[in-house]
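Student: This structure is in structure tokens; I'll ask about it shortly.
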Amino acid sequence: MRHARRRVVRRVTRLAAVGGLLLGGTMVTRAVASEPATPSALPRTTAQSTASDPGSDLVSQLGSSRTAGSWIDSAGRPVVAVTDEKAAAEVRRAGATAKVVQHSMKELKSAAGTLRSAPRVAGTSWAMDYRTNEVVVRADSTVSAADWSRLTELADGIGGFVRMERTEGTFTTRINGAEPILSTGGRCSAGFNVTNGQSDFILTAGHCGPTGSVWFADNRGRTQVGKTIEQNFPGADFSLVQYDGGRAGDGADVVAIGDGKGVRITGVADPTVGQRVFRSGSTSGLRDGTVTALNATVNYPEGTVTGLIETNVCAEPGDSGGPMFSEGIALGVTSGGSGDCKTGGTTFFQPVTKAMTQLGVQMIVSQQQAGAGQQGASAAPSASATQGAGAPGAASPGSSAPATSVGTTAQTLLTRLTDTRNIGPGLLVIGGSLIALVATRYIRAEQDRKAYQRYYSATWG
């Protein structure tokens, strides 16, 4: 009878402890779920590509044998390079300016192909200058006289439309942005927030770190941001960092430009030569310049990267991966270049459209309520990516918004979990139940041990 009573007491105590765990867990869940919705929890819009470039459209229509690229002039009008008067007439009828040139895009691409097939020389780059109808080859200070002589000889063999230039500084990746992200490999800058519909990611430079790199928002490694799940470098220069928890958090549609300020991203596009652009980075902040060439190739010490955007915007170590944009339109992420923000230089960017297509993700862009200018339902950009409505000098970064630091989501969740006003009672119930459960098991073990002792004493005595 005594043993039966003990079994009943143990069973009741154990059931009470388990019930306490379930009740405490429910209280914690409700406390977290009852927190006010953050802006990131609101419906968001994604965009693959927005804004049309009339110059590029005309180049596509006329073909690479009759055209040699397009750009924007100082008045903001599209200009198309053509190889014959008939093509020039078609361009003028379309409302653009035509410039008759000697060499077609097919010839320019052939020259670039010849340069690419030659032995690789680190510290060199080449790009097509549509405005001068030339392929420009540049060599930095690390290129030897012998290599420069061989490149010059190769260029002479291609033709007179290959221009050779020496440049100061060195062509390097900018590892070391909007907001800084840090790993054992160094410091980079977060680029744009993108999504595949299930998880959110940071689109940044590929040279920042290999697949598996863990990123933090602080230099002490306390606030983990996420992990690199895909990298492409060299060849291209982009990578995808998956957020811990899967969400980008507050301000996913904003890129930081310094002093707690940001710019809302409203669309995605490819840039145009002559376009005024802006770049933000964790080292040098917000800088601006113009696009000088497209489809550029750079021979970094780590390898060759092709298909880049060439600009005269300055950048410095640590700016790698940072966003390039104009009028709120996402254009590229910082790859590398030469010079600095005191003397100026050349900076190259990975086009975001190509990176997004290969990664299978979409840009998280700002939503605007009709007539309200706040988050709502439309993802239309504030202006064409090519600034067709005005001169490049009149372009702006985009509409302003407060910037949120990388890692805010993790910090917000941590704050909720440690706030006793939200979940303290639930945690107390869980703690008490765990103690009761452990005590029950201990009491049972002691009772069983004594029973065994009595049994063996009687048997062996």
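Following the order of the structure tokens, chains are lettered A, B, ..., residues in each are numbered from 1, and ligands are numbered from 1.
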Using only C-alpha atoms, I'd like a table of the residues in region 232-269 of chain A that come within 12 Å of region 209-222 of chain A; for each, show the closest atom pair and its distance in Å rounded to one decimal, ordered by chain and ascending number, as a tab-separated table.
Tutor:
```
residue	atom	partner	partner_atom	distance
A:Asn232	CA	A:Pro210	CA	8.6
A:Phe233	CA	A:Pro210	CA	8.6
A:Pro234	CA	A:Pro210	CA	11.0
A:Asp237	CA	A:Gly209	CA	10.7
A:Phe238	CA	A:Gly209	CA	9.9
A:Ser239	CA	A:Gly209	CA	8.2
A:Leu240	CA	A:Thr211	CA	8.7
A:Val241	CA	A:Trp215	CA	8.2
A:Gln242	CA	A:Trp215	CA	9.7
A:Tyr243	CA	A:Trp215	CA	9.4
A:Asp244	CA	A:Trp215	CA	9.9
```
Student: Keeping only N, CA, C and O atoms, write the selected residues to a file as a short mmCIF file (atom, residue, chain, number, x, y, z; two decimals), in the first residue's frame.
Tutor:
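Result written to again_19.cif:
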```
data_model
loop_
_atom_site.label_atom_id
_atom_site.label_comp_id
_atom_site.auth_asym_id
_atom_site.auth_seq_id
_atom_site.Cartn_x
_atom_site.Cartn_y
_atom_site.Cartn_z
N ASN A 232 30.98 33.74 -56.07
CA ASN A 232 31.49 33.69 -57.43
C ASN A 232 32.63 34.68 -57.55
O ASN A 232 32.41 35.89 -57.63
N PHE A 233 33.86 34.20 -57.52
CA PHE A 233 35.06 35.00 -57.65
C PHE A 233 36.26 34.08 -57.75
O PHE A 233 36.36 33.14 -56.98
N PRO A 234 37.20 34.34 -58.69
CA PRO A 234 37.11 35.34 -59.77
C PRO A 234 36.17 34.85 -60.88
O PRO A 234 35.46 33.89 -60.70
N ASP A 237 32.21 38.80 -59.50
CA ASP A 237 32.56 39.22 -58.13
C ASP A 237 31.30 39.49 -57.31
O ASP A 237 30.94 40.62 -57.05
N PHE A 238 30.63 38.41 -56.91
CA PHE A 238 29.45 38.56 -56.06
C PHE A 238 29.32 37.34 -55.15
O PHE A 238 29.84 36.26 -55.44
N SER A 239 28.63 37.54 -54.04
CA SER A 239 28.35 36.44 -53.12
C SER A 239 27.05 36.72 -52.40
O SER A 239 26.53 37.83 -52.40
N LEU A 240 26.53 35.66 -51.77
CA LEU A 240 25.24 35.73 -51.11
C LEU A 240 25.43 35.32 -49.65
O LEU A 240 25.89 34.22 -49.35
N VAL A 241 25.09 36.24 -48.72
CA VAL A 241 25.18 35.98 -47.29
C VAL A 241 23.77 35.79 -46.75
O VAL A 241 22.95 36.72 -46.81
N GLN A 242 23.49 34.61 -46.24
CA GLN A 242 22.15 34.34 -45.69
C GLN A 242 22.06 34.84 -44.26
O GLN A 242 22.91 34.54 -43.42
N TYR A 243 21.01 35.62 -43.98
CA TYR A 243 20.81 36.15 -42.64
C TYR A 243 20.51 35.02 -41.65
O TYR A 243 19.75 34.09 -41.96
N ASP A 244 21.07 35.12 -40.45
CA ASP A 244 20.68 34.23 -39.37
C ASP A 244 19.21 34.51 -39.05
O ASP A 244 18.82 35.65 -38.83
#
```
Student: Mind the document's chain letters and residue numbers, and return as a list of chain:residue names the residues of region 107-311 of chain A that DSSP labels helix (DSSP H, G or I).
Tutor: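 DSSP-assigned helix (DSSP H, G or I) residues in region 107-311 of chain A: A:Glu107, A:Leu108, A:Lys109, A:Ser110, A:Ala111, A:Ala112, A:Gly113, A:Thr114, A:Leu115, A:Arg116, A:Ser117, A:Ala145, A:Ala146, A:Asp147, A:Trp148, A:Ser149, A:Arg150, A:Leu151, A:Thr152, A:Glu153, A:Leu154, A:Ala155, A:Asp156, A:Gly157, A:Ile158, A:Gly206, A:His207, A:Cys208.
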Student: Restricting it to C-alpha atoms, dump the selection as a compact mmCIF listing (two decimals), in the first residue's frame.
Tutor:
```
# COMPACT_ATOMS: atom_id res chain seq x y z
CA GLU A 107 35.09 45.02 -83.78
CA LEU A 108 35.43 46.36 -80.25
CA LYS A 109 34.41 43.01 -78.79
CA SER A 110 36.84 41.20 -81.08
CA ALA A 111 39.68 43.40 -79.80
CA ALA A 112 38.69 42.68 -76.19
CA GLY A 113 38.62 38.97 -77.01
CA THR A 114 42.16 39.13 -78.35
CA LEU A 115 43.34 40.83 -75.17
CA ARG A 116 41.58 38.21 -73.06
CA SER A 117 43.23 35.34 -74.91
CA ALA A 145 58.22 47.48 -68.39
CA ALA A 146 58.60 44.15 -70.18
CA ASP A 147 54.92 43.23 -69.72
CA TRP A 148 53.87 46.73 -70.76
CA SER A 149 55.97 46.42 -73.92
CA ARG A 150 54.37 43.07 -74.81
CA LEU A 151 50.86 44.50 -74.24
CA THR A 152 51.65 47.51 -76.41
CA GLU A 153 52.89 45.26 -79.19
CA LEU A 154 49.69 43.20 -78.95
CA ALA A 155 47.56 46.37 -79.09
CA ASP A 156 49.41 47.64 -82.15
CA GLY A 157 48.62 44.39 -83.89
CA ILE A 158 44.90 44.74 -83.16
CA GLY A 206 32.49 37.67 -53.96
CA HIS A 207 36.11 38.37 -53.03
CA CYS A 208 35.05 39.28 -49.48
```
Student: From the list A:Val79, A:Val298, A:Met324, A:Ala139, which residue is nearest Asp270 (chain A) when using only C-alpha atoms?
Tutor: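 Smallest separation from Asp270 (chain A) among the options: A:Met324.
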Student: Quick one: residues within 7 Å of Glu310 (chain A), only C-alpha atoms counted, chain neighbours fewer than 3 positions away excluded, as a PyMOL selection string?
Tutor: chain A and resi 291-294+296+347-349
Student: Please provide as a list in words all residues within 12 Å of Asn133 (chain A), with the sequence filter that same-chain residues fewer than 4 positions apart are discarded (counting only C-alpha atoms).
Tutor: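 Neighbouring residues, sequence-local ones excluded: Thr67, Ala68, Gly69, Ser70, Trp71, Val80, Ala81, Val82, Thr83, Lys99, Val100, Val101, Gln102, His103, Ser104, Met105, Lys106, Glu107, Leu108, Lys109, Ala111, Ala127, Met128, Asp129, Gly160, Phe161, Val162, Arg163 and Ala293 of chain A.
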Student: Go through A:Gly289, A:Gly262, A:Gly235, A:Gly169 and flag the residue nearest Asp340 (chain A), using only C-alpha atoms for the distances.
Tutor: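 Using only C-alpha atoms, Asp340 (chain A) sits closest to A:Gly169.
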Student: Do a neighbour search on Met356 (chain A) at 12 Å with only C-alpha atoms, toss out local chain neighbours closer than 3 positions, and write the hits as a short mmCIF file (atom, residue, chain, number, x, y, z; two decimals) with N, CA, C and O atoms, in the first residue's frame.
Tutor:
```
data_model
loop_
_atom_site.label_atom_id
_atom_site.label_comp_id
_atom_site.auth_asym_id
_atom_site.auth_seq_id
_atom_site.Cartn_x
_atom_site.Cartn_y
_atom_site.Cartn_z
N THR A 46 9.36 42.99 -54.35
CA THR A 46 10.65 42.63 -54.93
C THR A 46 10.67 43.06 -56.39
O THR A 46 9.63 43.25 -57.01
N ALA A 47 11.86 43.26 -56.91
CA ALA A 47 11.99 43.71 -58.30
C ALA A 47 13.16 43.03 -58.95
O ALA A 47 14.23 42.92 -58.36
N GLN A 48 13.00 42.54 -60.15
CA GLN A 48 14.11 41.98 -60.91
C GLN A 48 14.80 43.06 -61.71
O GLN A 48 16.00 43.19 -61.69
N SER A 49 14.06 43.85 -62.46
CA SER A 49 14.66 44.90 -63.27
C SER A 49 13.62 45.95 -63.59
O SER A 49 12.47 45.63 -63.87
N PHE A 192 23.21 45.09 -51.05
CA PHE A 192 21.75 45.22 -51.08
C PHE A 192 21.11 44.00 -50.44
O PHE A 192 21.68 42.91 -50.43
N ASN A 193 19.90 44.19 -49.94
CA ASN A 193 19.12 43.07 -49.40
C ASN A 193 18.30 42.45 -50.53
O ASN A 193 17.59 43.16 -51.25
N VAL A 194 18.38 41.14 -50.64
CA VAL A 194 17.66 40.40 -51.68
C VAL A 194 16.94 39.23 -51.02
O VAL A 194 17.20 38.89 -49.86
N THR A 195 16.05 38.58 -51.76
CA THR A 195 15.28 37.47 -51.22
C THR A 195 14.98 36.47 -52.32
O THR A 195 14.93 36.82 -53.50
N ASN A 196 14.79 35.23 -51.92
CA ASN A 196 14.32 34.21 -52.86
C ASN A 196 12.87 33.84 -52.58
O ASN A 196 12.36 32.84 -53.10
N PHE A 201 18.78 37.72 -47.88
CA PHE A 201 20.22 37.62 -47.99
C PHE A 201 20.83 39.01 -48.20
O PHE A 201 20.14 39.95 -48.58
N ILE A 202 22.14 39.10 -47.97
CA ILE A 202 22.92 40.27 -48.36
C ILE A 202 23.64 39.92 -49.65
O ILE A 202 24.34 38.91 -49.73
N LEU A 203 23.46 40.76 -50.67
CA LEU A 203 24.23 40.63 -51.91
C LEU A 203 25.45 41.51 -51.78
O LEU A 203 25.34 42.73 -51.62
N THR A 204 26.64 40.92 -51.79
CA THR A 204 27.88 41.68 -51.61
C THR A 204 28.94 41.15 -52.56
O THR A 204 28.65 40.34 -53.45
N GLU A 230 26.95 31.19 -51.03
CA GLU A 230 27.34 31.05 -52.43
C GLU A 230 28.29 32.19 -52.80
O GLU A 230 28.06 33.33 -52.44
N ASN A 232 30.98 33.74 -56.07
CA ASN A 232 31.49 33.69 -57.43
C ASN A 232 32.63 34.68 -57.55
O ASN A 232 32.41 35.89 -57.63
N ASP A 237 32.21 38.80 -59.50
CA ASP A 237 32.56 39.22 -58.13
C ASP A 237 31.30 39.49 -57.31
O ASP A 237 30.94 40.62 -57.05
N PHE A 238 30.63 38.41 -56.91
CA PHE A 238 29.45 38.56 -56.06
C PHE A 238 29.32 37.34 -55.15
O PHE A 238 29.84 36.26 -55.44
N SER A 239 28.63 37.54 -54.04
CA SER A 239 28.35 36.44 -53.12
C SER A 239 27.05 36.72 -52.40
O SER A 239 26.53 37.83 -52.40
N LEU A 240 26.53 35.66 -51.77
CA LEU A 240 25.24 35.73 -51.11
C LEU A 240 25.43 35.32 -49.65
O LEU A 240 25.89 34.22 -49.35
N VAL A 268 15.70 48.16 -59.86
CA VAL A 268 16.97 47.59 -60.30
C VAL A 268 17.14 47.87 -61.78
O VAL A 268 16.17 47.84 -62.54
N ALA A 269 18.37 48.15 -62.22
CA ALA A 269 18.63 48.39 -63.64
C ALA A 269 20.11 48.25 -63.93
O ALA A 269 20.94 48.17 -63.02
N ASP A 270 20.44 48.23 -65.21
CA ASP A 270 21.83 48.32 -65.65
C ASP A 270 22.13 49.79 -65.92
O ASP A 270 21.29 50.53 -66.43
N ALA A 330 19.05 50.40 -57.80
CA ALA A 330 20.24 49.59 -57.52
C ALA A 330 20.95 49.24 -58.82
O ALA A 330 20.31 48.79 -59.78
N LEU A 331 22.27 49.43 -58.85
CA LEU A 331 23.05 49.22 -60.07
C LEU A 331 24.16 48.20 -59.91
O LEU A 331 24.38 47.38 -60.79
N GLY A 332 24.93 48.27 -58.81
CA GLY A 332 26.06 47.38 -58.68
C GLY A 332 26.57 47.30 -57.26
O GLY A 332 26.12 48.03 -56.37
N VAL A 333 27.53 46.38 -57.03
CA VAL A 333 28.24 46.29 -55.75
C VAL A 333 29.73 46.46 -56.02
O VAL A 333 30.25 46.02 -57.04
N GLN A 350 30.39 45.18 -59.76
CA GLN A 350 29.67 44.02 -60.30
C GLN A 350 28.21 44.42 -60.54
O GLN A 350 27.53 44.87 -59.62
N PRO A 351 27.70 44.29 -61.79
CA PRO A 351 26.29 44.62 -62.03
C PRO A 351 25.37 43.72 -61.20
O PRO A 351 25.56 42.49 -61.18
N VAL A 352 24.39 44.30 -60.53
CA VAL A 352 23.51 43.49 -59.68
C VAL A 352 22.55 42.66 -60.52
O VAL A 352 22.14 41.57 -60.09
N THR A 353 22.19 43.12 -61.71
CA THR A 353 21.24 42.36 -62.53
C THR A 353 21.80 40.98 -62.88
O THR A 353 21.10 39.98 -62.80
N LEU A 359 21.99 34.02 -59.23
CA LEU A 359 21.68 33.53 -57.89
C LEU A 359 20.21 33.16 -57.72
O LEU A 359 19.86 32.49 -56.74
N GLY A 360 19.37 33.61 -58.61
CA GLY A 360 17.94 33.31 -58.50
C GLY A 360 17.25 34.06 -57.39
O GLY A 360 16.38 33.51 -56.70
N VAL A 361 17.64 35.33 -57.18
CA VAL A 361 17.03 36.15 -56.13
C VAL A 361 16.48 37.44 -56.72
O VAL A 361 16.77 37.79 -57.86
N GLN A 362 15.69 38.15 -55.91
CA GLN A 362 15.12 39.42 -56.30
C GLN A 362 15.48 40.49 -55.27
O GLN A 362 15.66 40.19 -54.09
N MET A 363 15.57 41.73 -55.73
CA MET A 363 15.88 42.84 -54.83
C MET A 363 14.68 43.15 -53.95
O MET A 363 13.53 43.15 -54.41
N ILE A 364 14.93 43.42 -52.67
CA ILE A 364 13.88 43.92 -51.77
C ILE A 364 13.83 45.43 -51.95
O ILE A 364 14.80 46.12 -51.66
#
```
Student: Nearest to Gly398 (chain A) among A:Gly55, A:Gly123, A:Gly267, A:Gly63, with distances taken over only C-alpha atoms: which residue is it?
Tutor: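 Answer, going by the shortest atom-to-atom distance: A:Gly267.
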Student: Could you list, as a ChimeraX atom specification, every residue within 9 Å of Ala236 (chain A), counting only C-alpha atoms and ignoring same-chain residues fewer than 5 positions away?
Tutor: /A:206,304-308,350,355
Student: Mind writing the picked residues with N, CA and C atoms as a PDB file, in the first residue's frame?
Tutor:
```pdb
ATOM      1  N   GLY A 206      32.070  39.054 -54.093  1.00  0.00           N
ATOM      2  CA  GLY A 206      32.495  37.669 -53.959  1.00  0.00           C
ATOM      3  C   GLY A 206      33.867  37.516 -53.335  1.00  0.00           C
ATOM      4  N   THR A 304      41.083  37.060 -62.702  1.00  0.00           N
ATOM      5  CA  THR A 304      40.453  37.957 -63.670  1.00  0.00           C
ATOM      6  C   THR A 304      38.945  37.993 -63.472  1.00  0.00           C
ATOM      7  N   VAL A 305      38.387  39.199 -63.504  1.00  0.00           N
ATOM      8  CA  VAL A 305      36.942  39.402 -63.401  1.00  0.00           C
ATOM      9  C   VAL A 305      36.478  40.160 -64.635  1.00  0.00           C
ATOM     10  N   THR A 306      35.403  39.709 -65.243  1.00  0.00           N
ATOM     11  CA  THR A 306      34.883  40.334 -66.464  1.00  0.00           C
ATOM     12  C   THR A 306      33.471  40.851 -66.248  1.00  0.00           C
ATOM     13  N   GLY A 307      32.996  41.641 -67.229  1.00  0.00           N
ATOM     14  CA  GLY A 307      31.621  42.137 -67.199  1.00  0.00           C
ATOM     15  C   GLY A 307      31.361  43.196 -66.153  1.00  0.00           C
ATOM     16  N   LEU A 308      32.399  43.952 -65.756  1.00  0.00           N
ATOM     17  CA  LEU A 308      32.247  44.940 -64.696  1.00  0.00           C
ATOM     18  C   LEU A 308      31.861  46.317 -65.224  1.00  0.00           C
ATOM     19  N   GLN A 350      30.386  45.176 -59.759  1.00  0.00           N
ATOM     20  CA  GLN A 350      29.668  44.020 -60.300  1.00  0.00           C
ATOM     21  C   GLN A 350      28.215  44.420 -60.541  1.00  0.00           C
ATOM     22  N   ALA A 355      24.213  39.342 -61.289  1.00  0.00           N
ATOM     23  CA  ALA A 355      24.377  38.554 -60.067  1.00  0.00           C
ATOM     24  C   ALA A 355      23.043  37.971 -59.616  1.00  0.00           C
TER      25      ALA A 355
END
```
Student: Can you check which residues of region 185-411 of chain A DSSP gives as strand (DSSP E) on the backbone and send them as a ChimeraX atom specification?
Tutor: /A:186-189,192-195,200-204,214-216,224-232,238-243,254-258,261-264,267-268,276-281,285-300,303-311,323-326,329-340,344-351,362-365,400-402
Student: If we count only C-alpha atoms, what is near region 278-281 of chain A at a cut-off of 7 Å, once residues fewer than 5 positions away on the same chain are taken out, given as JSON, numbers by chain?
Tutor: {"A": [177, 178, 189, 257, 286, 287, 288, 289, 319, 322, 323, 324, 325, 326, 397]}
Student: Those selected residues, please, written with all heavy atoms and delivered as a compact mmCIF listing (two decimals), in the first residue's frame.
Tutor:
```
# COMPACT_ATOMS: atom_id res chain seq x y z
N GLY A 177 29.86 51.01 -48.57
CA GLY A 177 29.31 50.06 -47.89
C GLY A 177 28.38 50.79 -47.09
O GLY A 177 28.61 51.77 -46.46
N ALA A 178 27.91 50.14 -47.32
CA ALA A 178 26.97 50.83 -46.48
C ALA A 178 27.31 50.50 -45.05
O ALA A 178 28.09 51.21 -44.45
CB ALA A 178 25.57 50.44 -46.87
N SER A 189 31.66 45.68 -46.89
CA SER A 189 30.45 46.46 -46.70
C SER A 189 29.26 45.68 -47.23
O SER A 189 29.36 45.01 -48.26
CB SER A 189 30.55 47.80 -47.45
OG SER A 189 31.61 48.58 -46.96
N ILE A 257 24.01 55.65 -45.91
CA ILE A 257 24.94 56.60 -46.54
C ILE A 257 25.72 57.39 -45.49
O ILE A 257 26.41 58.35 -45.83
CB ILE A 257 24.21 57.55 -47.50
CG1 ILE A 257 23.14 58.36 -46.76
CG2 ILE A 257 23.59 56.79 -48.66
CD1 ILE A 257 22.48 59.44 -47.62
N LEU A 286 29.56 58.08 -48.51
CA LEU A 286 28.88 58.33 -49.77
C LEU A 286 29.78 59.12 -50.72
O LEU A 286 30.29 60.17 -50.37
CB LEU A 286 27.58 59.11 -49.52
CG LEU A 286 26.71 59.38 -50.75
CD1 LEU A 286 26.14 58.08 -51.31
CD2 LEU A 286 25.59 60.36 -50.41
N ARG A 287 29.97 58.60 -51.93
CA ARG A 287 30.77 59.26 -52.97
C ARG A 287 30.01 59.18 -54.29
O ARG A 287 29.16 58.30 -54.49
CB ARG A 287 32.14 58.59 -53.12
CG ARG A 287 32.92 58.49 -51.82
CD ARG A 287 33.52 59.83 -51.43
NE ARG A 287 34.17 59.76 -50.12
CZ ARG A 287 35.04 60.65 -49.67
NH1 ARG A 287 35.36 61.69 -50.42
NH2 ARG A 287 35.56 60.51 -48.47
N ASP A 288 30.34 60.10 -55.21
CA ASP A 288 29.65 60.07 -56.49
C ASP A 288 30.63 60.26 -57.63
O ASP A 288 31.78 60.65 -57.44
CB ASP A 288 28.57 61.16 -56.54
CG ASP A 288 29.17 62.56 -56.66
OD1 ASP A 288 29.89 62.98 -55.73
OD2 ASP A 288 28.95 63.21 -57.69
N GLY A 289 30.18 59.95 -58.82
CA GLY A 289 30.97 60.07 -60.04
C GLY A 289 30.12 59.65 -61.21
O GLY A 289 28.88 59.67 -61.13
N ASP A 319 35.46 49.23 -48.47
CA ASP A 319 34.26 49.60 -49.23
C ASP A 319 33.74 48.47 -50.10
O ASP A 319 32.67 48.57 -50.68
CB ASP A 319 34.55 50.83 -50.11
CG ASP A 319 34.72 52.11 -49.32
OD1 ASP A 319 34.10 52.20 -48.23
OD2 ASP A 319 35.45 53.01 -49.76
N GLY A 322 29.98 47.23 -51.11
CA GLY A 322 29.03 48.30 -50.87
C GLY A 322 28.18 48.61 -52.09
O GLY A 322 28.57 48.32 -53.23
N PRO A 323 27.01 49.23 -51.91
CA PRO A 323 26.07 49.44 -53.00
C PRO A 323 26.39 50.64 -53.88
O PRO A 323 26.85 51.67 -53.40
CB PRO A 323 24.75 49.66 -52.26
CG PRO A 323 25.17 50.32 -50.97
CD PRO A 323 26.48 49.67 -50.60
N MET A 324 26.14 50.49 -55.18
CA MET A 324 26.15 51.62 -56.12
C MET A 324 24.72 51.79 -56.64
O MET A 324 24.07 50.81 -57.00
CB MET A 324 27.09 51.37 -57.30
CG MET A 324 27.12 52.55 -58.28
SD MET A 324 28.25 52.32 -59.68
CE MET A 324 27.32 51.16 -60.68
N PHE A 325 24.26 53.04 -56.68
CA PHE A 325 22.87 53.30 -57.02
C PHE A 325 22.74 54.72 -57.57
O PHE A 325 23.67 55.52 -57.52
CB PHE A 325 21.98 53.14 -55.78
CG PHE A 325 22.53 53.85 -54.56
CD1 PHE A 325 22.17 55.15 -54.26
CD2 PHE A 325 23.44 53.22 -53.73
CE1 PHE A 325 22.68 55.81 -53.16
CE2 PHE A 325 23.97 53.87 -52.62
CZ PHE A 325 23.59 55.17 -52.33
N SER A 326 21.57 55.05 -58.09
CA SER A 326 21.27 56.40 -58.56
C SER A 326 19.77 56.56 -58.64
O SER A 326 19.07 55.68 -59.17
CB SER A 326 21.90 56.64 -59.94
OG SER A 326 21.71 57.98 -60.34
N PRO A 397 21.00 60.65 -55.16
CA PRO A 397 21.03 59.25 -54.74
C PRO A 397 19.65 58.61 -54.73
O PRO A 397 19.49 57.45 -55.10
CB PRO A 397 21.63 59.32 -53.34
CG PRO A 397 22.38 60.61 -53.30
CD PRO A 397 21.60 61.54 -54.16
```
Student: Between CA of Ala401 (chain A) and CA of Val277 (chain A), what distance in Å does the model show, to one decimal?
Tutor: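 CA of Val277 (chain A) lies 18.3 Å from CA of Ala401 (chain A).
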